[in-house]
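Below is one structure, written out as structure tokens; comments come after it.
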Amino acid sequence: MNIGRNKNGRSGKEVAMIAIIIRLDSDAVMVFDAAGEQVSRYQGQYGDVKEAILRDAPRDAVFADWSGYAPQTLPVPRQEW
């Protein structure tokens, strides 16, 4: 990890850029960067990670719900997530 300015322009360790956020039926949240790698610092139960994700996710991040046995996620507007 690089020390200095991170991708959000903040001082400190570089953090992975949030690209995709998926909320499951169980209220678990999975977060991935642009390379498809999990971003564990933002993963967990919805109520525990929602504020940090909404604060740190870039405008072009994709928010989605994944319900039941659906074969794919359903995009959700950031404001409704």
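In the structure tokens, chains take letters A, B, ... by order of appearance, with residues numbered from 1 within each chain and ligands from 1 in the order shown.
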Quick one: residues within 9 Å of Val62 in chain A, only C-alpha atoms counted, chain neighbours fewer than 4 positions away excluded, as an mmCIF file with N, CA and C atoms, in the first residue's frame?
```
data_model
loop_
_atom_site.group_PDB
_atom_site.id
_atom_site.type_symbol
_atom_site.label_atom_id
_atom_site.label_comp_id
_atom_site.auth_asym_id
_atom_site.auth_seq_id
_atom_site.Cartn_x
_atom_site.Cartn_y
_atom_site.Cartn_z
ATOM 1 N N ILE A 18 -14.197 1.788 -4.456
ATOM 2 C CA ILE A 18 -15.438 1.025 -4.507
ATOM 3 C C ILE A 18 -16.013 1.119 -5.921
ATOM 4 N N ALA A 19 -16.379 -0.022 -6.505
ATOM 5 C CA ALA A 19 -16.969 -0.032 -7.842
ATOM 6 C C ALA A 19 -18.375 -0.632 -7.836
ATOM 7 N N ILE A 20 -18.563 -1.739 -7.102
ATOM 8 C CA ILE A 20 -19.843 -2.447 -7.089
ATOM 9 C C ILE A 20 -20.212 -2.774 -5.653
ATOM 10 N N ILE A 21 -21.445 -2.458 -5.285
ATOM 11 C CA ILE A 21 -21.955 -2.747 -3.950
ATOM 12 C C ILE A 21 -23.206 -3.592 -4.115
ATOM 13 N N ILE A 22 -23.242 -4.758 -3.473
ATOM 14 C CA ILE A 22 -24.379 -5.671 -3.608
ATOM 15 C C ILE A 22 -24.953 -5.957 -2.224
ATOM 16 N N PRO A 75 -29.938 -3.701 -10.480
ATOM 17 C CA PRO A 75 -29.413 -2.366 -10.161
ATOM 18 C C PRO A 75 -30.431 -1.551 -9.364
ATOM 19 N N VAL A 76 -29.922 -0.776 -8.423
ATOM 20 C CA VAL A 76 -30.758 0.053 -7.559
ATOM 21 C C VAL A 76 -30.179 1.465 -7.549
ATOM 22 N N PRO A 77 -31.016 2.487 -7.662
ATOM 23 C CA PRO A 77 -30.494 3.847 -7.569
ATOM 24 C C PRO A 77 -29.844 4.081 -6.202
ATOM 25 N N ARG A 78 -28.754 4.789 -6.184
ATOM 26 C CA ARG A 78 -28.020 5.064 -4.949
ATOM 27 C C ARG A 78 -28.948 5.606 -3.860
#
```
> Which of chain A counts as alpha helix (DSSP H) under DSSP, as an NGL selection string please?
Replying inline: :A and (46-56)
Take the residues from that selection and put them in a file with N, CA and C atoms, as a tab-separated table (two decimals), in the first residue's frame.
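Saved result, again_25.tsv, follows:
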```
chain	number	residue	atom	x	y	z
A	46	TYR	N	-25.71	-4.56	6.49
A	46	TYR	CA	-26.14	-3.30	5.90
A	46	TYR	C	-26.12	-2.14	6.89
A	47	GLY	N	-26.71	-2.31	8.04
A	47	GLY	CA	-26.77	-1.25	9.03
A	47	GLY	C	-25.41	-0.80	9.54
A	48	ASP	N	-24.43	-1.70	9.49
A	48	ASP	CA	-23.09	-1.40	9.98
A	48	ASP	C	-22.21	-0.71	8.94
A	49	VAL	N	-22.47	-0.93	7.65
A	49	VAL	CA	-21.57	-0.41	6.60
A	49	VAL	C	-22.21	0.64	5.68
A	50	LYS	N	-23.51	0.83	5.76
A	50	LYS	CA	-24.23	1.73	4.85
A	50	LYS	C	-23.63	3.14	4.85
A	51	GLU	N	-23.45	3.73	6.01
A	51	GLU	CA	-22.97	5.11	6.10
A	51	GLU	C	-21.59	5.28	5.45
A	52	ALA	N	-20.67	4.37	5.73
A	52	ALA	CA	-19.32	4.46	5.16
A	52	ALA	C	-19.34	4.28	3.65
A	53	ILE	N	-20.16	3.37	3.16
A	53	ILE	CA	-20.25	3.14	1.72
A	53	ILE	C	-20.81	4.37	1.01
A	54	LEU	N	-21.91	4.91	1.52
A	54	LEU	CA	-22.51	6.08	0.87
A	54	LEU	C	-21.57	7.28	0.93
A	55	ARG	N	-20.77	7.37	1.98
A	55	ARG	CA	-19.82	8.47	2.11
A	55	ARG	C	-18.65	8.31	1.14
A	56	ASP	N	-18.13	7.09	0.98
A	56	ASP	CA	-16.89	6.86	0.26
A	56	ASP	C	-17.04	6.40	-1.18
```
>> Which residue is closest to Ala61 in chain A? Choose from A:Asp33, A:Gln45, A:Thr73, A:Glu80 and count only C-alpha atoms.
In response: A:Asp33
>> Counting only C-alpha atoms, which residue out of A:Gln79, A:Gly44, A:Pro58, A:Gln38 sits closest to Ser26 in chain A?
In response: A:Gly44
> Residues at most 10 Å from Gly68 in chain A, counting only C-alpha atoms, excluding those fewer than 3 positions away in the same chain, as a list in words?
Replying inline: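 What passes the distance filter is Leu24, Asp25, Ser26, Asp65 and Pro71 of chain A.
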Same residues, N, CA and C atoms, saved as a short mmCIF file (atom, residue, chain, number, x, y, z; two decimals), in the first residue's frame:
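Just written: part_17.cif:
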```cif
data_model
loop_
_atom_site.label_atom_id
_atom_site.label_comp_id
_atom_site.auth_asym_id
_atom_site.auth_seq_id
_atom_site.Cartn_x
_atom_site.Cartn_y
_atom_site.Cartn_z
N LEU A 24 -27.60 -8.26 -0.14
CA LEU A 24 -28.28 -9.55 -0.22
C LEU A 24 -29.57 -9.52 0.60
N ASP A 25 -30.43 -10.52 0.40
CA ASP A 25 -31.68 -10.64 1.17
C ASP A 25 -31.42 -10.67 2.67
N SER A 26 -30.30 -11.22 3.06
CA SER A 26 -29.96 -11.35 4.48
C SER A 26 -29.43 -10.05 5.08
N ASP A 65 -29.11 -4.99 -5.71
CA ASP A 65 -29.69 -5.97 -4.79
C ASP A 65 -29.59 -7.33 -5.46
N PRO A 71 -30.61 -15.16 -10.95
CA PRO A 71 -29.33 -15.44 -11.60
C PRO A 71 -28.42 -14.22 -11.69
#
```
